[in-house]
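> Below you'll find start_38.csv; it's CSV, C-alpha atoms.
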```csv
chain,number,residue,atom,x,y,z
E,1,MET,CA,13.3,-28.4,19.6
E,2,SER,CA,14.7,-25.0,18.8
E,3,GLN,CA,14.1,-23.6,15.3
E,4,ARG,CA,17.2,-23.4,13.1
E,5,GLU,CA,18.5,-19.8,12.6
E,6,MET,CA,18.0,-18.5,9.1
E,7,THR,CA,21.1,-17.3,7.4
E,8,CYS,CA,21.6,-14.5,4.9
E,9,LEU,CA,24.6,-13.8,2.7
E,10,VAL,CA,25.1,-10.1,1.8
E,11,VAL,CA,27.2,-9.8,-1.4
E,12,ASP,CA,28.3,-6.2,-2.1
E,13,ASP,CA,31.6,-4.5,-2.8
E,14,SER,CA,30.5,-1.6,-0.7
E,15,ALA,CA,31.3,-2.0,3.0
E,16,VAL,CA,28.7,0.7,3.8
E,17,ILE,CA,25.9,-1.1,2.0
E,18,ARG,CA,26.9,-4.4,3.6
E,19,LYS,CA,26.7,-2.7,7.0
E,20,VAL,CA,23.3,-1.2,6.4
E,21,ALA,CA,21.9,-4.4,5.0
E,22,ARG,CA,23.4,-6.4,7.9
E,23,ARG,CA,21.7,-4.2,10.4
E,24,ILE,CA,18.3,-4.6,8.9
E,25,ILE,CA,18.6,-8.3,8.1
E,26,GLU,CA,19.8,-9.1,11.6
E,27,ASP,CA,16.8,-7.3,13.0
E,28,PHE,CA,14.7,-9.7,11.0
E,29,GLY,CA,16.2,-12.6,12.9
E,30,TYR,CA,18.8,-13.8,10.4
E,31,ALA,CA,22.5,-14.6,11.0
E,32,VAL,CA,24.4,-12.6,8.4
E,33,VAL,CA,27.6,-13.4,6.5
E,34,GLU,CA,29.2,-11.0,4.1
E,35,ALA,CA,31.1,-11.2,0.8
E,36,GLU,CA,32.7,-8.4,-1.2
E,37,ASP,CA,32.7,-10.1,-4.6
E,38,GLY,CA,31.2,-13.0,-6.5
E,39,ASP,CA,34.2,-15.3,-6.0
E,40,SER,CA,34.1,-15.0,-2.2
E,41,ALA,CA,30.3,-15.5,-2.3
E,42,LEU,CA,30.7,-18.7,-4.2
E,43,ALA,CA,33.3,-20.0,-1.7
E,44,ILE,CA,30.9,-19.2,1.2
E,45,CYS,CA,28.0,-20.9,-0.5
E,46,ALA,CA,30.2,-24.0,-1.1
E,47,GLU,CA,30.9,-24.2,2.6
E,48,SER,CA,27.4,-23.5,3.9
E,49,MET,CA,24.4,-22.6,1.7
E,50,PRO,CA,22.5,-19.6,3.1
E,51,ASP,CA,18.7,-19.3,3.0
E,52,LEU,CA,18.8,-15.8,1.5
E,53,ILE,CA,21.3,-14.0,-0.7
E,54,LEU,CA,21.2,-10.2,-1.1
E,55,LEU,CA,23.1,-9.6,-4.2
E,56,ASP,CA,24.8,-6.6,-5.8
E,57,TRP,CA,25.2,-6.6,-9.6
E,58,ASN,CA,28.4,-4.7,-10.3
E,59,MET,CA,31.3,-6.1,-8.4
E,60,PRO,CA,34.9,-7.1,-9.1
E,61,ASN,CA,36.0,-10.7,-9.3
E,62,ARG,CA,32.7,-12.1,-10.8
E,63,ASP,CA,29.7,-9.8,-10.8
E,64,GLY,CA,26.3,-10.6,-9.3
E,65,TYR,CA,24.8,-12.0,-12.5
E,66,ALA,CA,27.8,-14.3,-13.2
E,67,PHE,CA,27.7,-15.5,-9.5
E,68,LEU,CA,23.9,-16.2,-9.8
E,69,GLN,CA,24.4,-18.2,-13.0
E,70,GLU,CA,27.1,-20.3,-11.4
E,71,LEU,CA,25.1,-20.7,-8.2
E,72,ARG,CA,21.9,-21.9,-9.9
E,73,GLN,CA,23.8,-24.6,-11.8
E,74,THR,CA,24.3,-26.7,-8.6
E,75,GLU,CA,21.4,-28.6,-6.9
E,76,ALA,CA,22.1,-26.9,-3.5
E,77,GLY,CA,22.4,-23.5,-5.2
E,78,LYS,CA,18.8,-23.7,-6.4
E,79,ARG,CA,17.5,-23.5,-2.8
E,80,PRO,CA,18.4,-20.0,-1.6
E,81,LYS,CA,16.1,-17.1,-2.3
E,82,VAL,CA,18.1,-14.6,-4.2
E,83,VAL,CA,17.2,-10.9,-4.1
E,84,PHE,CA,19.2,-8.6,-6.4
E,85,CYS,CA,19.9,-5.3,-4.7
E,86,THR,CA,21.5,-3.0,-7.2
E,87,THR,CA,21.6,0.5,-8.8
E,88,GLU,CA,20.8,-1.2,-12.2
E,89,ASN,CA,17.2,0.0,-12.6
E,90,ASP,CA,16.2,-0.5,-16.2
E,91,VAL,CA,13.6,-3.0,-17.4
E,92,GLY,CA,16.3,-5.0,-19.3
E,93,ALA,CA,18.4,-5.5,-16.3
E,94,ILE,CA,15.5,-6.6,-14.1
E,95,ALA,CA,14.2,-9.0,-16.8
E,96,ARG,CA,17.7,-10.5,-17.2
E,97,ALA,CA,18.1,-11.0,-13.5
E,98,LEU,CA,14.8,-12.8,-13.2
E,99,ARG,CA,15.7,-15.0,-16.2
E,100,GLY,CA,19.0,-15.7,-14.6
E,101,GLY,CA,17.2,-17.1,-11.5
E,102,ALA,CA,16.7,-14.1,-9.1
E,103,ASP,CA,13.6,-14.3,-7.0
E,104,GLU,CA,13.2,-10.6,-6.4
E,105,TYR,CA,14.8,-7.3,-7.3
E,106,ILE,CA,15.5,-4.2,-5.2
E,107,MET,CA,16.7,-1.0,-6.8
E,108,LYS,CA,18.9,1.1,-4.6
E,109,PRO,CA,18.3,3.1,-2.5
E,110,PHE,CA,16.1,0.8,-0.4
E,111,ASP,CA,14.7,0.9,3.1
E,112,ARG,CA,13.5,-1.5,5.8
E,113,ASP,CA,9.9,-1.5,4.4
E,114,ILE,CA,11.0,-2.4,0.9
E,115,LEU,CA,13.2,-5.2,2.2
E,116,THR,CA,10.4,-6.5,4.5
E,117,ALA,CA,8.0,-6.6,1.6
E,118,LYS,CA,10.5,-8.3,-0.7
E,119,LEU,CA,11.3,-11.0,1.8
E,120,GLU,CA,7.6,-11.7,2.3
E,121,GLN,CA,7.1,-11.9,-1.4
E,122,VAL,CA,9.7,-14.6,-1.8
E,123,GLY,CA,8.1,-16.5,1.1
E,124,LEU,CA,10.8,-15.9,3.7
E,125,SER,CA,9.7,-15.5,7.3
E,126,ILE,CA,11.0,-12.4,9.2
E,127,ARG,CA,10.8,-11.4,12.7
E,128,THR,CA,9.1,-8.0,12.7
E,129,ASN,CA,7.3,-5.6,14.9
E,130,THR,CA,4.8,-4.9,12.2
E,131,ASP,CA,1.3,-5.9,13.3
E,132,PHE,CA,-0.4,-7.2,10.1
E,133,TYR,CA,-3.5,-8.4,11.9
A,1,MET,CA,-0.1,29.0,17.1
A,2,THR,CA,-2.3,30.0,20.0
A,3,GLU,CA,-4.6,27.5,21.8
A,4,PHE,CA,-7.6,29.3,20.3
A,5,ASP,CA,-6.2,28.9,16.8
A,6,PHE,CA,-5.5,25.2,17.3
A,7,GLU,CA,-9.0,24.6,18.6
A,8,TYR,CA,-10.5,26.5,15.7
A,9,LEU,CA,-8.4,24.4,13.2
A,10,ARG,CA,-9.4,21.2,15.0
A,11,ALA,CA,-13.1,22.0,14.7
A,12,TYR,CA,-12.7,23.1,11.1
A,13,LEU,CA,-11.0,19.8,10.1
A,14,LYS,CA,-13.6,17.8,12.0
A,15,GLN,CA,-16.5,19.6,10.2
A,16,ARG,CA,-15.0,19.4,6.7
A,17,SER,CA,-13.3,16.0,6.7
A,18,GLY,CA,-14.2,14.2,9.9
A,19,LEU,CA,-10.5,14.2,10.8
A,20,ALA,CA,-10.2,14.1,14.6
A,21,LEU,CA,-7.0,16.0,15.3
A,22,SER,CA,-5.8,15.1,18.8
A,23,SER,CA,-3.8,17.4,21.0
A,24,GLU,CA,-0.8,15.1,20.6
A,25,LYS,CA,-0.9,15.7,16.9
A,26,ARG,CA,-0.5,19.5,17.4
A,27,TYR,CA,3.1,19.2,16.4
A,28,LEU,CA,2.0,18.1,12.9
A,29,VAL,CA,0.1,21.3,12.2
A,30,GLU,CA,3.0,23.6,11.6
A,31,SER,CA,5.0,21.2,9.4
A,32,ARG,CA,2.0,20.2,7.3
A,33,LEU,CA,0.6,23.7,6.8
A,34,ALA,CA,3.8,25.5,6.2
A,35,PRO,CA,3.7,24.6,2.5
A,36,VAL,CA,0.1,25.8,2.3
A,37,CYS,CA,1.2,29.2,3.8
A,38,ARG,CA,3.9,29.5,1.2
A,39,ARG,CA,1.6,28.5,-1.7
A,40,PHE,CA,-1.1,31.0,-0.8
A,41,ASN,CA,1.3,33.7,0.4
A,42,PHE,CA,0.5,33.8,4.1
A,43,ALA,CA,3.4,35.1,6.2
A,44,THR,CA,2.4,33.0,9.2
A,45,LEU,CA,0.2,30.1,10.2
A,46,ARG,CA,-1.9,32.5,12.2
A,47,ASP,CA,-2.6,34.5,9.0
A,48,LEU,CA,-3.7,31.3,7.3
A,49,ILE,CA,-6.0,30.3,10.1
A,50,GLY,CA,-7.3,33.9,10.3
A,51,SER,CA,-8.2,33.7,6.6
A,52,LEU,CA,-10.1,30.4,7.1
A,53,LYS,CA,-12.2,32.2,9.8
A,54,ILE,CA,-13.2,35.1,7.6
A,55,THR,CA,-13.3,33.8,4.0
A,56,HIS,CA,-14.5,30.8,2.1
A,57,ASP,CA,-11.8,30.3,-0.5
A,58,GLY,CA,-12.4,26.8,-1.7
A,59,ALA,CA,-8.9,26.3,-2.9
A,60,ILE,CA,-7.4,27.3,0.5
A,61,GLU,CA,-9.9,25.1,2.3
A,62,ARG,CA,-9.1,22.1,0.2
A,63,ALA,CA,-5.4,22.6,0.5
A,64,VAL,CA,-5.6,22.8,4.3
A,65,VAL,CA,-7.7,19.6,4.6
A,66,GLU,CA,-5.5,17.8,2.1
A,67,ALA,CA,-2.4,18.8,3.9
A,68,MET,CA,-3.7,17.5,7.2
A,69,THR,CA,-4.9,14.1,5.9
A,70,THR,CA,-2.5,11.2,5.6
A,71,ASN,CA,-1.9,9.7,2.2
A,72,GLU,CA,0.5,6.9,3.3
A,73,THR,CA,-0.1,3.9,1.0
A,74,PHE,CA,1.7,1.3,-1.0
A,75,PHE,CA,1.0,-1.5,-3.3
A,76,PHE,CA,-0.5,-4.6,-1.5
A,77,ARG,CA,-0.1,-2.9,1.8
A,78,ASP,CA,-0.1,-5.5,4.6
A,79,ARG,CA,-0.5,-8.1,1.9
A,80,LEU,CA,-2.9,-10.4,3.8
A,81,PRO,CA,-6.0,-8.4,3.0
A,82,PHE,CA,-5.2,-8.8,-0.6
A,83,ASP,CA,-4.7,-12.5,-0.2
A,84,LEU,CA,-8.1,-12.6,1.5
A,85,PHE,CA,-9.7,-10.7,-1.3
A,86,ARG,CA,-8.2,-13.0,-3.9
A,87,ASP,CA,-8.8,-16.3,-2.1
A,88,VAL,CA,-12.1,-15.7,-0.2
A,89,VAL,CA,-14.0,-12.5,-1.0
A,90,LEU,CA,-13.6,-12.6,-4.8
A,91,PRO,CA,-14.6,-16.3,-5.2
A,92,GLU,CA,-17.6,-15.8,-2.9
A,93,ALA,CA,-18.7,-12.7,-4.8
A,94,LEU,CA,-18.3,-14.5,-8.2
A,95,ALA,CA,-20.5,-17.4,-6.9
A,96,ARG,CA,-23.1,-15.1,-5.4
A,97,ASN,CA,-23.4,-12.9,-8.5
A,98,ALA,CA,-23.1,-15.7,-11.1
A,99,ALA,CA,-26.5,-15.0,-12.5
A,100,ARG,CA,-26.1,-11.3,-13.1
A,101,ARG,CA,-22.4,-11.4,-13.8
A,102,ARG,CA,-21.7,-8.0,-12.3
A,103,LEU,CA,-19.2,-7.1,-9.6
A,104,ARG,CA,-18.8,-3.7,-7.9
A,105,ILE,CA,-15.9,-2.8,-5.7
A,106,TRP,CA,-15.2,0.5,-3.8
A,107,CYS,CA,-11.9,1.7,-2.5
A,108,ALA,CA,-13.1,4.4,-0.1
A,109,ALA,CA,-9.8,6.0,0.6
A,110,ALA,CA,-7.8,5.4,-2.6
A,111,SER,CA,-5.0,8.0,-1.9
A,112,THR,CA,-2.5,8.0,-4.8
A,113,GLY,CA,-4.0,4.8,-6.3
A,114,GLN,CA,-1.9,2.0,-5.0
A,115,GLU,CA,-4.7,0.1,-3.3
A,116,PRO,CA,-7.2,0.2,-6.3
A,117,TYR,CA,-4.4,-0.7,-8.7
A,118,SER,CA,-3.4,-3.6,-6.5
A,119,ILE,CA,-7.0,-4.8,-6.7
A,120,ALA,CA,-7.0,-4.2,-10.4
A,121,MET,CA,-3.9,-6.4,-10.8
A,122,LEU,CA,-5.6,-9.2,-8.8
A,123,LEU,CA,-8.7,-8.8,-11.0
A,124,GLN,CA,-6.5,-9.0,-14.1
A,125,GLU,CA,-4.8,-12.1,-12.8
A,126,ALA,CA,-8.3,-13.6,-12.3
A,127,ALA,CA,-9.4,-12.5,-15.8
A,128,PRO,CA,-10.4,-15.9,-17.1
A,129,ARG,CA,-12.9,-16.3,-14.3
A,130,LEU,CA,-14.3,-12.7,-15.0
A,131,SER,CA,-14.8,-13.2,-18.7
A,132,GLY,CA,-18.2,-11.8,-19.6
A,133,TRP,CA,-18.5,-10.0,-16.3
A,134,GLN,CA,-19.0,-6.3,-15.8
A,135,VAL,CA,-16.6,-5.2,-13.1
A,136,ASP,CA,-16.8,-1.7,-11.6
A,137,LEU,CA,-13.9,-0.6,-9.5
A,138,VAL,CA,-14.6,2.8,-8.0
A,139,ALA,CA,-11.8,4.6,-6.1
A,140,THR,CA,-12.5,7.7,-4.1
A,141,ASP,CA,-10.5,10.0,-1.8
A,142,ILE,CA,-11.2,13.3,-0.1
A,143,SER,CA,-8.2,14.9,-1.8
A,144,SER,CA,-8.6,15.9,-5.4
A,145,GLU,CA,-4.8,16.3,-5.6
A,146,VAL,CA,-4.1,12.7,-4.8
A,147,ILE,CA,-6.9,11.6,-7.1
A,148,GLU,CA,-5.3,13.4,-10.0
A,149,ARG,CA,-2.0,11.7,-9.2
A,150,ALA,CA,-3.8,8.3,-9.0
A,151,LYS,CA,-5.4,8.8,-12.4
A,152,LEU,CA,-1.9,9.2,-13.9
A,153,GLY,CA,-0.7,6.0,-12.3
A,154,LEU,CA,2.8,7.3,-12.3
A,155,TYR,CA,5.1,6.2,-9.5
A,156,SER,CA,8.6,6.6,-8.3
A,157,GLN,CA,11.1,3.8,-8.2
A,158,PHE,CA,10.7,3.9,-4.4
A,159,GLU,CA,6.9,3.6,-4.6
A,160,VAL,CA,6.8,0.7,-6.9
A,161,GLN,CA,9.2,-1.3,-4.7
A,162,ARG,CA,7.0,-1.0,-1.6
A,163,GLY,CA,5.0,-4.2,-1.8
A,164,LEU,CA,4.8,-4.8,-5.6
A,165,PRO,CA,6.3,-8.1,-6.7
A,166,VAL,CA,9.0,-7.4,-9.3
A,167,GLN,CA,7.4,-9.8,-11.8
A,168,TRP,CA,4.2,-7.6,-11.7
A,169,LEU,CA,6.3,-4.5,-12.1
A,170,LEU,CA,7.5,-5.8,-15.4
A,171,LYS,CA,4.1,-7.2,-16.4
A,172,TYR,CA,1.9,-4.2,-15.6
A,173,PHE,CA,4.2,-1.1,-15.6
A,174,THR,CA,6.2,0.8,-18.3
A,175,GLN,CA,9.4,2.6,-17.3
A,176,ILE,CA,9.4,6.3,-18.1
A,177,GLY,CA,12.7,7.7,-17.1
A,178,GLU,CA,13.1,7.3,-13.4
A,179,GLN,CA,9.4,6.6,-13.0
A,180,TRP,CA,7.0,3.8,-13.7
A,181,GLN,CA,3.5,4.1,-15.1
A,182,ILE,CA,0.8,1.5,-14.7
A,183,SER,CA,-0.6,0.1,-17.9
A,184,ALA,CA,-3.4,1.9,-19.7
A,185,SER,CA,-5.6,-1.2,-19.5
A,186,LEU,CA,-5.3,-1.2,-15.7
A,187,ARG,CA,-5.8,2.5,-15.4
A,188,SER,CA,-9.0,2.2,-17.5
A,189,MET,CA,-10.3,-0.4,-15.0
A,190,VAL,CA,-10.5,2.1,-12.1
A,191,GLU,CA,-13.0,5.0,-11.9
A,192,PHE,CA,-11.4,7.7,-9.7
A,193,ARG,CA,-13.6,10.2,-8.0
A,194,GLN,CA,-13.1,12.9,-5.4
A,195,PHE,CA,-15.4,12.1,-2.5
A,196,ASN,CA,-15.8,13.0,1.1
A,197,LEU,CA,-16.8,10.1,3.4
A,198,LEU,CA,-18.9,12.6,5.5
A,199,HIS,CA,-21.3,13.0,2.6
A,200,GLY,CA,-24.1,10.7,1.6
A,201,PHE,CA,-23.0,7.5,-0.3
A,202,GLU,CA,-26.2,7.1,-2.2
A,203,GLY,CA,-24.8,8.4,-5.5
A,204,LEU,CA,-22.1,5.8,-5.6
A,205,GLY,CA,-24.5,2.8,-5.8
A,206,SER,CA,-24.1,-0.5,-3.9
A,207,PHE,CA,-21.1,-2.7,-3.7
A,208,ASP,CA,-20.1,-6.3,-3.3
A,209,VAL,CA,-16.8,-5.3,-1.6
A,210,ILE,CA,-15.8,-2.1,0.2
A,211,PHE,CA,-12.2,-1.4,1.1
A,212,CYS,CA,-11.8,1.3,3.7
A,213,ARG,CA,-8.5,0.6,5.4
A,214,ASN,CA,-6.6,2.8,7.8
A,215,VAL,CA,-9.0,5.7,7.5
A,216,LEU,CA,-11.5,5.3,10.3
A,217,ILE,CA,-8.6,5.5,12.8
A,218,TYR,CA,-8.5,9.3,12.1
A,219,PHE,CA,-12.2,9.8,13.0
A,220,ASP,CA,-13.8,10.1,16.4
A,221,ALA,CA,-16.3,7.4,17.5
A,222,PRO,CA,-19.6,9.1,16.4
A,223,THR,CA,-18.1,9.7,13.0
A,224,LYS,CA,-16.9,6.1,12.7
A,225,SER,CA,-20.4,4.9,13.7
A,226,GLU,CA,-22.1,7.1,11.1
A,227,ILE,CA,-19.7,6.0,8.3
A,228,LEU,CA,-20.0,2.3,9.2
A,229,GLY,CA,-23.8,2.6,9.2
A,230,ARG,CA,-23.6,4.0,5.7
A,231,PHE,CA,-21.2,1.3,4.6
A,232,ALA,CA,-23.8,-1.2,5.8
A,233,ASN,CA,-26.4,0.5,3.6
A,234,SER,CA,-24.0,0.5,0.6
A,235,LEU,CA,-23.1,-3.2,0.9
A,236,ILE,CA,-25.2,-5.7,-1.0
A,237,PRO,CA,-26.5,-8.6,1.2
A,238,GLY,CA,-23.5,-11.0,1.6
A,239,GLY,CA,-21.1,-8.2,0.7
A,240,ALA,CA,-17.7,-7.7,2.4
A,241,LEU,CA,-16.2,-4.7,4.1
A,242,MET,CA,-12.5,-4.7,4.6
A,243,LEU,CA,-11.0,-2.5,7.3
A,244,GLY,CA,-7.4,-1.9,8.5
A,245,ALA,CA,-5.6,-3.9,11.1
A,246,ALA,CA,-6.2,-1.3,13.8
A,247,GLU,CA,-9.9,-0.8,13.0
A,248,THR,CA,-13.1,-2.6,13.9
A,249,VAL,CA,-16.9,-2.3,13.9
A,250,ILE,CA,-17.2,-3.6,17.5
A,251,GLY,CA,-18.8,-1.0,19.7
A,252,LEU,CA,-19.5,1.3,16.8
A,253,THR,CA,-22.4,-0.4,14.9
A,254,ASP,CA,-24.5,-3.4,15.4
A,255,ARG,CA,-25.3,-3.7,11.7
A,256,LEU,CA,-21.9,-5.1,10.8
A,257,VAL,CA,-20.1,-7.9,12.4
A,258,PRO,CA,-16.5,-9.4,12.1
A,259,ASP,CA,-16.1,-12.5,10.0
A,260,THR,CA,-15.2,-15.1,12.6
A,261,LYS,CA,-12.7,-16.9,10.2
A,262,HIS,CA,-11.0,-13.9,8.6
A,263,ARG,CA,-9.6,-11.0,10.6
A,264,GLY,CA,-10.2,-7.6,8.9
A,265,LEU,CA,-13.3,-8.8,7.1
A,266,TYR,CA,-16.8,-7.6,8.1
A,267,GLY,CA,-20.3,-8.3,6.8
A,268,HIS,CA,-23.9,-7.6,7.6
A,269,ALA,CA,-25.0,-8.7,11.1
A,270,SER,CA,-28.0,-10.5,9.6
A,271,PRO,CA,-28.7,-11.7,6.1
A,272,GLN,CA,-31.6,-9.3,5.6
A,273,ALA,CA,-31.3,-6.6,3.0
A,274,PRO,CA,-29.8,-3.3,4.2
A,275,ALA,CA,-32.1,-0.8,5.8
A,276,LEU,CA,-31.7,1.7,3.0
A,277,ARG,CA,-30.9,0.6,-0.5
A,278,ALA,CA,-28.5,2.8,-2.4
A,279,VAL,CA,-29.2,3.8,-5.9
A,280,ALA,CA,-30.0,0.7,-7.9
A,281,VAL,CA,-27.2,-0.3,-10.3
```
Output the structure of this file as structure tokens.

Amino acid sequence: MSQREMTCLVVDDSAVIRKVARRIIEDFGYAVVEAEDGDSALAICAESMPDLILLDWNMPNRDGYAFLQELRQTEAGKRPKVVFCTTENDVGAIARALRGGADEYIMKPFDRDILTAKLEQVGLSIRTNTDFY
Amino acid sequence: MTEFDFEYLRAYLKQRSGLALSSEKRYLVESRLAPVCRRFNFATLRDLIGSLKITHDGAIERAVVEAMTTNETFFFRDRLPFDLFRDVVLPEALARNAARRRLRIWCAAASTGQEPYSIAMLLQEAAPRLSGWQVDLVATDISSEVIERAKLGLYSQFEVQRGLPVQWLLKYFTQIGEQWQISASLRSMVEFRQFNLLHGFEGLGSFDVIFCRNVLIYFDAPTKSEILGRFANSLIPGGALMLGAAETVIGLTDRLVPDTKHRGLYGHASPQAPALRAVAV
């Protein structure tokens, strides 16, 4: 039996950030879908709930925090691991995101190592060339 | 840089730090030593190496060794060794030392502090089990510069994101502008010391756990054997040595053996006391 492909939704109003994130996440073995705002992201989740959501904070048409609150209100929406990925880097924003239901938090700029570590911290498997043992 | 200068530098680094600089790493020399040339006003790398040959300026010598050693590190690097410490090594040490209620841990290549502070956070999380215990967490590195950085416990946003769960960032760090400083209570748990692994370990005492990860890979086989033999002396019976993923004791010493259940973990080959006891603690 083949293993189900893991899916990741990248939500960011910057096409460049989405492209960079897609390249890294696809290398980890995930199928990636993109959304440029919170409304589009909710629509995608309603159709097919991803395993992982990489979420920007400041976006038009429902920001990341409002999207997360809406998402976590549904039973299915509690399942995805949500990693905020944002330029908001103060303690207050991080604490608010965690209270709102985020599993991890990445402050931009980020790189492959940081993303790898964060996905491991939220318990998601990744396909990687890193030889831990 | 001439072949002669490179060979001189190679022998120089080997003698002072144990660093085995292979010919393939020759390309690193110019980029790593250019800042040292600027700092000490040498016009060329050749002038710097010439100075090493004829003078014994401690500041220049330290700067050269420090520039050529690798300080790559991050919090909970590779993660699994820290899980192993929390779930296997620490509980075993607590059971073994229940009578004397003392635990001694050594990070033998602490670099800028992420490894010892990662251990300190795990110890803090285990605080209820350590109530009434004396815990010594000694962190050493050959570079006095990185040790000074480690003591400050001040990290960039980039550094705190590499391996540190965000919940622990909020719990154990304070934001200072664009940087993050680890709490004073965690800083006070770690005793940082500049120390060269080529020197005798006796003054450090004996340890229940020694972390020496991703360091031996830079040494040649005789130096690795010598250091591993001294780790065997410094470990209390039943103690644990933790090496990096690319490192082993096999073929280098018969006094330490791999733990058959846990990769990266090593202990004494036999339960008898080490051949040479370190300073009693």
> Please report, as a Markdown table, each residue of segment 9-41 of chain E lying at most 12 Å from segment 71-85 of chain E, together with the nearest pair of atoms and the separation in Å rounded to one decimal; use all atoms listed in the file, and order rows by chain and ascending residue number.

```
| residue | atom | partner | partner_atom | distance |
| --- | --- | --- | --- | --- |
| E:Leu9 | CA | E:Val82 | CA | 9.5 |
| E:Val10 | CA | E:Cys85 | CA | 9.6 |
| E:Val11 | CA | E:Cys85 | CA | 9.2 |
| E:Asp12 | CA | E:Cys85 | CA | 8.8 |
| E:Asp13 | CA | E:Cys85 | CA | 11.9 |
| E:Ser14 | CA | E:Cys85 | CA | 11.9 |
| E:Ile17 | CA | E:Cys85 | CA | 9.9 |
| E:Arg18 | CA | E:Cys85 | CA | 10.9 |
| E:Ala21 | CA | E:Cys85 | CA | 9.9 |
| E:Gly38 | CA | E:Leu71 | CA | 10.0 |
| E:Asp39 | CA | E:Leu71 | CA | 10.8 |
| E:Ala41 | CA | E:Leu71 | CA | 9.4 |
```
> Which of these, A:Arg193, A:Arg100, A:Arg32, A:Arg213, has the shortest distance to Glu66 of chain A once you count all atoms listed in the file?
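Among the listed residues, the smallest separation from Glu66 of chain A belongs to A:Arg32.
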> Would you mind listing what lies within 10 Å of Ala67 of chain A as a list of chain:residue names, with all atoms listed in the file counted and same-chain residues fewer than 6 positions away left out?
A:Val29, A:Ser31, A:Arg32, A:Leu33, A:Ala34, A:Pro35, A:Val36, A:Glu61, A:Ser143
> Taking C-alpha atoms for each residue, export the selection above as a tab-separated table (two decimals), in the frame of the given file.

```
chain	number	residue	atom	x	y	z
A	29	VAL	CA	0.10	21.30	12.20
A	31	SER	CA	5.00	21.20	9.40
A	32	ARG	CA	2.00	20.20	7.30
A	33	LEU	CA	0.60	23.70	6.80
A	34	ALA	CA	3.80	25.50	6.20
A	35	PRO	CA	3.70	24.60	2.50
A	36	VAL	CA	0.10	25.80	2.30
A	61	GLU	CA	-9.90	25.10	2.30
A	143	SER	CA	-8.20	14.90	-1.80
```
> Using all atoms listed in the file, I'd like every residue of chain A that has an atom within 9 Å of chain E; please write them out as a CSV table (one decimal) with C-alpha atoms, in the frame of the given file.

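The result, stored in selection.csv:
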```
chain,number,residue,atom,x,y,z
A,77,ARG,CA,-0.1,-2.9,1.8
A,78,ASP,CA,-0.1,-5.5,4.6
A,79,ARG,CA,-0.5,-8.1,1.9
A,80,LEU,CA,-2.9,-10.4,3.8
A,157,GLN,CA,11.1,3.8,-8.2
A,158,PHE,CA,10.7,3.9,-4.4
A,161,GLN,CA,9.2,-1.3,-4.7
A,162,ARG,CA,7.0,-1.0,-1.6
A,163,GLY,CA,5.0,-4.2,-1.8
A,164,LEU,CA,4.8,-4.8,-5.6
A,165,PRO,CA,6.3,-8.1,-6.7
A,166,VAL,CA,9.0,-7.4,-9.3
A,167,GLN,CA,7.4,-9.8,-11.8
A,170,LEU,CA,7.5,-5.8,-15.4
A,174,THR,CA,6.2,0.8,-18.3
A,175,GLN,CA,9.4,2.6,-17.3
A,177,GLY,CA,12.7,7.7,-17.1
A,178,GLU,CA,13.1,7.3,-13.4
A,244,GLY,CA,-7.4,-1.9,8.5
A,245,ALA,CA,-5.6,-3.9,11.1
A,246,ALA,CA,-6.2,-1.3,13.8
A,263,ARG,CA,-9.6,-11.0,10.6
A,264,GLY,CA,-10.2,-7.6,8.9
```
> Rounded to one decimal, what separation in Å do you get between atom CA of Leu52 of chain A and atom CA of Thr70 of chain A?
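Calculated distance between atom CA of Leu52 of chain A and atom CA of Thr70 of chain A is 20.7 Å.
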> For Ser225 of chain A, please output as a PyMOL selection string all residues within 10 Å (counting all atoms listed in the file; exclusion window: fewer than 6 positions along the same chain).
chain A and resi 216+219+231+249-254
> So how many Å separate atom CA of Cys8 of chain E and atom CA of Leu169 of chain A, to one decimal?
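Atom-to-atom, atom CA of Cys8 of chain E to atom CA of Leu169 of chain A, that is 25.0 Å.
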> Skipping near chain neighbours, those fewer than 2 positions away, what residues fall within 10 Å of segment 137-141 of chain A using all atoms listed in the file, listed as number ranges by chain?
A: 71, 103-113, 115-117, 119-120, 123, 134-135, 143-147, 150-151, 188-197, 204, 207, 209-211
> What separation in Å, quoted to one decimal, exists between atom CA of Ala11 of chain A and atom CA of Met68 of chain A?
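So the answer is 12.8 Å.
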> Using all atoms listed in the file, determine which residues lie at most 12 Å from segment 124-132 of chain A, disregarding the query and same-chain residues fewer than 5 positions distant; provide the list as a PyMOL selection string.
chain A and resi 85-87+90-91+93-95+97-103+117-119+168+171-172+183+185-190
> Taking into account only C-alpha atoms, which residue in the set A:Leu48, A:Leu198, A:Ala59, A:Leu13 is nearest to Pro222 of chain A?
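Closest to Pro222 of chain A of all the choices is A:Leu198.
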> Here is a test: counting only C-alpha atoms, which residue of A:Leu9, A:Asn214, A:Pro237, A:His56 is nearest to Glu72 of chain A?
A:Asn214
> Identify which of the residues A:Val215, A:Met1, A:Val64, A:Leu228 lies closest to Ala20 of chain A, counting all atoms listed in the file when measuring atom-to-atom distances.
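Ranking A:Val215, A:Met1, A:Val64, A:Leu228 by distance to Ala20 of chain A, first place goes to A:Val215.
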